Amino acid sequence: MKITTVANQKGGVGKTTLEIHLASYAANSGKRVLVVDLDEGDLSLFYGAADEGDTTEYLMSSQLFSDEHEGRQPRQVAPNIWLIEADVPLLDVDDMDLSVVHNLKAGLERFADDFDLCMIDTPPNLQRRMVAALVASDSVVAPFNISPFTISRMPKLLRTIQTVQEEFNPALRFLGFMPNLVNSRSPDEIEILPGLREAYGEMMFAEQIIYRPCINKSQASGNPVWVKANGSSQRVAGREMKVACEAILSQVWAD
Ligand SMILES: Nc1ncnc2c1ncn2[C@@H]1O[C@H](COP(=O)(O)OP(=O)(O)OP(=O)(O)O)[C@@H](O)[C@H]1O
Ligand SMILES: [Mg+2]
């Protein structure tokens with residue numbers, strides 16, 4: 001099982017959106033995917049609650065940090081996709097001793113033979129949960145939007161990754177920054193990208209995900225953008241998202 005984290009120390013840049021699409025793309029290509037919500041529930045909300053009448057006690061993400069899971073299992077939420085949902089005690093992880101950052105890796109180990117890919121969604125701040133995700137992962141990908149605030153924090157994320165590599169997980173690979181929410185009608189945004197690509201070189205993907213309201217809309221109805229495409233703009237958005245997912249996942253599978 002490959003473990004990949006979607007991270008950025010900035011909110012609202014599309015971490016959860018990218019995770020949803022990467023998981024769906026991999027699942028559609030026949031991979032068994034485990035998605036882990038280490039944030040405050042956006043990912044869990046996207047997949048929806050368990051069916052009414054389903055009284056199974058599923059594994060919740062705080063339990064990955066303890067050994068109190070009593071054999072609980074993730075919940076299947078789509079063909080080839082299983083979810084470990086965020087719960088309220090997950091927030092307590094950030095107040096625990098630093099050694100807690102090793103627990104997630106240990107907690108995920110028992111799924112190594114059950115899934116091909118585990119995707120972890122993280123909160124935007126550098127706390128125990130995010131460090132734990134990076135400690136447990138083989139690779140990390142970082143969506144970003146073209147705003148001065150986000151761009152100024154990109155070096156901070158690279159420093160975080162470097163620290164985790166040095167102190168905890170030398171095998172962690174940074175797959176790259178993925179431009180998202182790009183406003184194709186803004187000359188400023190389009191002009192900034194080549195300079196960023198030059199500055200970050202191989203640390204930035206050549207692909208980009210354009211801002212398209214249909215992405216937000218389809219997510220609100222529980223679907224990746226390429227499902228039930230309604231009109232040409234959504235078809236284009238679906239194609240762009242697939243190209244971005246393919247670029248990222250081909251690096252996830254590479255060793
Ligand atoms: N390319 C896009 N086009 C249009 N809307 C987008 C795009 N990417 C993300 N969004 C929308 O932007 C909002 C923020 O995205 P998302 O929740 O994925 O960001 P996040 O980084 O996970 O945020 P947080 O840090 O709060 O968890 C969502 O409403 C999402 O649907
Ligand atoms: Mg999110």
# chains A, B, ... in the order shown; residues from 1 in each chain; ligands from 1
>>> closest_atom_pairs(of="stretch 130-224 of chain A", to="stretch 14-36 of chain A", cutoff="8 Å", atoms="only C-alpha atoms", output="CSV")
residue,atom,partner,partner_atom,distance
A:Ala142,CA,A:Lys15,CA,7.3
A:Pro143,CA,A:Lys15,CA,6.1
A:Phe144,CA,A:Gly14,CA,7.1
A:Asn180,CA,A:Gly14,CA,6.8
A:Leu181,CA,A:Gly14,CA,7.7
A:Gln219,CA,A:Thr17,CA,7.9
A:Pro224,CA,A:His21,CA,5.9
>>> write_last_selection(atoms="C-alpha atoms", output="PDB file, in the first residue's frame")
ATOM      1  CA  ALA A 142       0.701  20.179  -2.360  1.00  0.00           C
ATOM      2  CA  PRO A 143      -2.032  22.015  -4.262  1.00  0.00           C
ATOM      3  CA  PHE A 144      -1.765  25.793  -4.111  1.00  0.00           C
ATOM      4  CA  ASN A 180      -5.138  24.922  -8.498  1.00  0.00           C
ATOM      5  CA  LEU A 181      -7.949  27.460  -8.656  1.00  0.00           C
ATOM      6  CA  GLN A 219     -18.543  18.274  -4.958  1.00  0.00           C
ATOM      7  CA  PRO A 224     -16.095  14.159  -8.608  1.00  0.00           C
TER       8      PRO A 224
END
>>> residues_near_ligand(ligand="ligand 1", cutoff="9 Å", atoms="only C-alpha atoms and all ligand atoms", output="NGL selection string")
:A and (6-20 or 39-43 or 121-125 or 143-145 or 179-183 or 208-220 or 237 or 241)
>>> select_by_dssp(residues="stretch 4-253 of chain A", states="helix (DSSP H, G or I)", output="number ranges by chain")
A: 15-28, 42-47, 61-65, 88-95, 98-109, 128-136, 148-167, 187-203, 213-220, 232-253
>>> closest_residue(among="A:Met1, A:Ala254, A:Met130, A:Leu64", to="A:Asp113", atoms="only C-alpha atoms")
A:Met1
>>> residues_around(residues="stretch 165-175 of chain A", least_positions_apart="5", cutoff="6 Å", atoms="only C-alpha atoms", output="JSON, numbers by chain")
{"A": [135, 138, 139, 140, 141]}
>>> residues_around(residues="A:Gln76", least_positions_apart="3", cutoff="10 Å", atoms="only C-alpha atoms", output="short mmCIF file (atom, residue, chain, number, x, y, z; two decimals) with N, CA, C and O atoms, in the first residue's frame")
data_model
loop_
_atom_site.label_atom_id
_atom_site.label_comp_id
_atom_site.auth_asym_id
_atom_site.auth_seq_id
_atom_site.Cartn_x
_atom_site.Cartn_y
_atom_site.Cartn_z
N VAL A 33 -8.71 1.82 -2.64
CA VAL A 33 -8.23 3.07 -2.05
C VAL A 33 -8.81 3.28 -0.65
O VAL A 33 -10.03 3.16 -0.45
N LEU A 34 -7.93 3.61 0.28
CA LEU A 34 -8.34 3.96 1.63
C LEU A 34 -8.15 5.46 1.79
O LEU A 34 -7.04 5.96 1.57
N VAL A 35 -9.21 6.20 2.13
CA VAL A 35 -9.05 7.64 2.35
C VAL A 35 -9.19 7.93 3.84
O VAL A 35 -10.08 7.39 4.51
N TYR A 47 -18.30 12.22 1.45
CA TYR A 47 -18.72 10.83 1.23
C TYR A 47 -20.05 10.51 1.91
O TYR A 47 -20.64 9.46 1.63
N ALA A 50 -23.09 7.09 7.13
CA ALA A 50 -23.44 5.69 6.89
C ALA A 50 -24.95 5.59 6.65
O ALA A 50 -25.72 6.45 7.07
N TYR A 58 -17.72 1.70 12.86
CA TYR A 58 -16.58 1.79 11.94
C TYR A 58 -15.38 2.43 12.63
O TYR A 58 -15.51 3.17 13.61
N GLN A 73 -13.26 -1.55 11.30
CA GLN A 73 -12.82 -1.46 9.91
C GLN A 73 -13.27 -0.12 9.30
O GLN A 73 -14.24 0.48 9.76
N PRO A 79 -17.47 2.47 -4.95
CA PRO A 79 -16.76 1.31 -5.47
C PRO A 79 -15.24 1.52 -5.32
O PRO A 79 -14.72 2.56 -5.72
N ASN A 80 -14.59 0.58 -4.68
CA ASN A 80 -13.12 0.63 -4.47
C ASN A 80 -12.64 1.73 -3.52
O ASN A 80 -11.44 1.99 -3.45
N ILE A 81 -13.53 2.40 -2.81
CA ILE A 81 -13.08 3.44 -1.87
C ILE A 81 -13.64 3.18 -0.47
O ILE A 81 -14.86 2.99 -0.29
N TRP A 82 -12.74 3.18 0.52
CA TRP A 82 -13.12 3.02 1.92
C TRP A 82 -12.64 4.25 2.69
O TRP A 82 -11.55 4.78 2.41
N LEU A 83 -13.43 4.68 3.66
CA LEU A 83 -13.14 5.92 4.40
C LEU A 83 -12.87 5.64 5.87
O LEU A 83 -13.56 4.82 6.50
N ILE A 84 -11.86 6.32 6.42
CA ILE A 84 -11.72 6.41 7.87
C ILE A 84 -12.08 7.87 8.21
O ILE A 84 -11.35 8.81 7.88
#
>>> closest_residue(among="A:Glu189, A:Val236, A:Leu59, A:Ile120", to="ligand 2", atoms="only C-alpha atoms and all ligand atoms")
A:Ile120
>>> select_by_dssp(residues="stretch 77-147 of chain A", states="strand (DSSP E)", output="PDB file with N, CA and C atoms, in the first residue's frame")
ATOM      1  N   VAL A  77     -17.370   3.565   0.935  1.00  0.00           N
ATOM      2  CA  VAL A  77     -18.204   4.717   0.588  1.00  0.00           C
ATOM      3  C   VAL A  77     -18.454   4.854  -0.910  1.00  0.00           C
ATOM      4  N   ALA A  78     -17.738   4.078  -1.703  1.00  0.00           N
ATOM      5  CA  ALA A  78     -17.903   4.099  -3.164  1.00  0.00           C
ATOM      6  C   ALA A  78     -17.225   2.834  -3.679  1.00  0.00           C
ATOM      7  N   ILE A  81     -13.533   2.399  -2.809  1.00  0.00           N
ATOM      8  CA  ILE A  81     -13.081   3.445  -1.866  1.00  0.00           C
ATOM      9  C   ILE A  81     -13.639   3.175  -0.470  1.00  0.00           C
ATOM     10  N   TRP A  82     -12.744   3.183   0.520  1.00  0.00           N
ATOM     11  CA  TRP A  82     -13.122   3.023   1.920  1.00  0.00           C
ATOM     12  C   TRP A  82     -12.638   4.253   2.688  1.00  0.00           C
ATOM     13  N   LEU A  83     -13.429   4.677   3.660  1.00  0.00           N
ATOM     14  CA  LEU A  83     -13.141   5.920   4.398  1.00  0.00           C
ATOM     15  C   LEU A  83     -12.870   5.640   5.871  1.00  0.00           C
ATOM     16  N   ILE A  84     -11.858   6.324   6.416  1.00  0.00           N
ATOM     17  CA  ILE A  84     -11.721   6.415   7.874  1.00  0.00           C
ATOM     18  C   ILE A  84     -12.076   7.865   8.214  1.00  0.00           C
ATOM     19  N   LEU A 117      -3.687   1.924  -2.244  1.00  0.00           N
ATOM     20  CA  LEU A 117      -3.347   3.335  -2.021  1.00  0.00           C
ATOM     21  C   LEU A 117      -4.083   3.844  -0.794  1.00  0.00           C
ATOM     22  N   CYS A 118      -3.362   4.591   0.040  1.00  0.00           N
ATOM     23  CA  CYS A 118      -4.001   5.298   1.158  1.00  0.00           C
ATOM     24  C   CYS A 118      -3.747   6.778   0.943  1.00  0.00           C
ATOM     25  N   MET A 119      -4.815   7.579   0.940  1.00  0.00           N
ATOM     26  CA  MET A 119      -4.671   9.024   0.748  1.00  0.00           C
ATOM     27  C   MET A 119      -5.097   9.729   2.027  1.00  0.00           C
ATOM     28  N   ILE A 120      -4.235  10.590   2.541  1.00  0.00           N
ATOM     29  CA  ILE A 120      -4.530  11.273   3.806  1.00  0.00           C
ATOM     30  C   ILE A 120      -4.809  12.756   3.540  1.00  0.00           C
ATOM     31  N   ASP A 121      -5.937  13.235   4.026  1.00  0.00           N
ATOM     32  CA  ASP A 121      -6.267  14.663   3.930  1.00  0.00           C
ATOM     33  C   ASP A 121      -5.888  15.316   5.255  1.00  0.00           C
ATOM     34  N   SER A 139       4.801   9.629   0.095  1.00  0.00           N
ATOM     35  CA  SER A 139       4.902  10.835  -0.716  1.00  0.00           C
ATOM     36  C   SER A 139       3.873  11.874  -0.280  1.00  0.00           C
ATOM     37  N   VAL A 140       4.125  13.109  -0.733  1.00  0.00           N
ATOM     38  CA  VAL A 140       3.218  14.213  -0.389  1.00  0.00           C
ATOM     39  C   VAL A 140       3.068  15.122  -1.602  1.00  0.00           C
ATOM     40  N   VAL A 141       1.847  15.595  -1.821  1.00  0.00           N
ATOM     41  CA  VAL A 141       1.577  16.519  -2.931  1.00  0.00           C
ATOM     42  C   VAL A 141       0.894  17.757  -2.354  1.00  0.00           C
ATOM     43  N   ALA A 142       1.202  18.929  -2.940  1.00  0.00           N
ATOM     44  CA  ALA A 142       0.701  20.179  -2.360  1.00  0.00           C
ATOM     45  C   ALA A 142      -0.004  21.039  -3.401  1.00  0.00           C
ATOM     46  N   PRO A 143      -1.343  21.053  -3.395  1.00  0.00           N
ATOM     47  CA  PRO A 143      -2.032  22.015  -4.262  1.00  0.00           C
ATOM     48  C   PRO A 143      -1.849  23.428  -3.701  1.00  0.00           C
ATOM     49  N   PHE A 144      -1.852  24.409  -4.589  1.00  0.00           N
ATOM     50  CA  PHE A 144      -1.765  25.793  -4.111  1.00  0.00           C
ATOM     51  C   PHE A 144      -2.526  26.684  -5.073  1.00  0.00           C
TER      52      PHE A 144
END
>>> closest_residue(among="A:Leu126, A:Ala229, A:Val243, A:Leu134", to="A:Lys156", atoms="only C-alpha atoms")
A:Leu126
>>> atom_distance(atom1="atom CA of A:Trp226", atom2="atom CA of A:Ala244")
12.8 Å
>>> atom_distance(atom1="atom CA of A:Val100", atom2="atom CA of A:Met60")
16.4 Å
>>> closest_residue(among="A:Gln234, A:Asn103, A:Thr5, A:Ser62", to="ligand 2", atoms="only C-alpha atoms and all ligand atoms")
A:Thr5
>>> residues_around(residues="A:Glu57", least_positions_apart="6", cutoff="12 Å", atoms="only C-alpha atoms", output="MDAnalysis selection string")
chainID A and resid 50 63 69:75 84:85
>>> write_last_selection(atoms="N, CA and C atoms", output="compact mmCIF listing (two decimals), in the first residue's frame")
# COMPACT_ATOMS: atom_id res chain seq x y z
N ALA A 50 -23.09 7.09 7.13
CA ALA A 50 -23.44 5.69 6.89
C ALA A 50 -24.95 5.59 6.65
N GLN A 63 -8.87 6.90 16.25
CA GLN A 63 -8.48 5.57 16.73
C GLN A 63 -7.23 5.04 16.04
N HIS A 69 -9.03 0.42 18.76
CA HIS A 69 -9.95 0.26 17.63
C HIS A 69 -10.69 -1.08 17.63
N GLU A 70 -10.27 -1.99 18.50
CA GLU A 70 -10.99 -3.26 18.68
C GLU A 70 -11.42 -3.89 17.35
N GLY A 71 -10.52 -3.94 16.43
CA GLY A 71 -10.82 -4.62 15.17
C GLY A 71 -11.80 -3.89 14.27
N ARG A 72 -12.08 -2.62 14.56
CA ARG A 72 -13.00 -1.87 13.67
C ARG A 72 -12.40 -1.69 12.29
N GLN A 73 -13.26 -1.55 11.30
CA GLN A 73 -12.82 -1.46 9.91
C GLN A 73 -13.27 -0.12 9.30
N PRO A 74 -12.57 0.32 8.23
CA PRO A 74 -13.04 1.50 7.49
C PRO A 74 -14.39 1.20 6.83
N ARG A 75 -15.10 2.25 6.46
CA ARG A 75 -16.43 2.08 5.85
C ARG A 75 -16.31 2.25 4.33
N ILE A 84 -11.86 6.32 6.42
CA ILE A 84 -11.72 6.41 7.87
C ILE A 84 -12.08 7.87 8.21
N GLU A 85 -13.24 7.98 8.84
CA GLU A 85 -13.88 9.28 9.03
C GLU A 85 -13.26 10.07 10.19
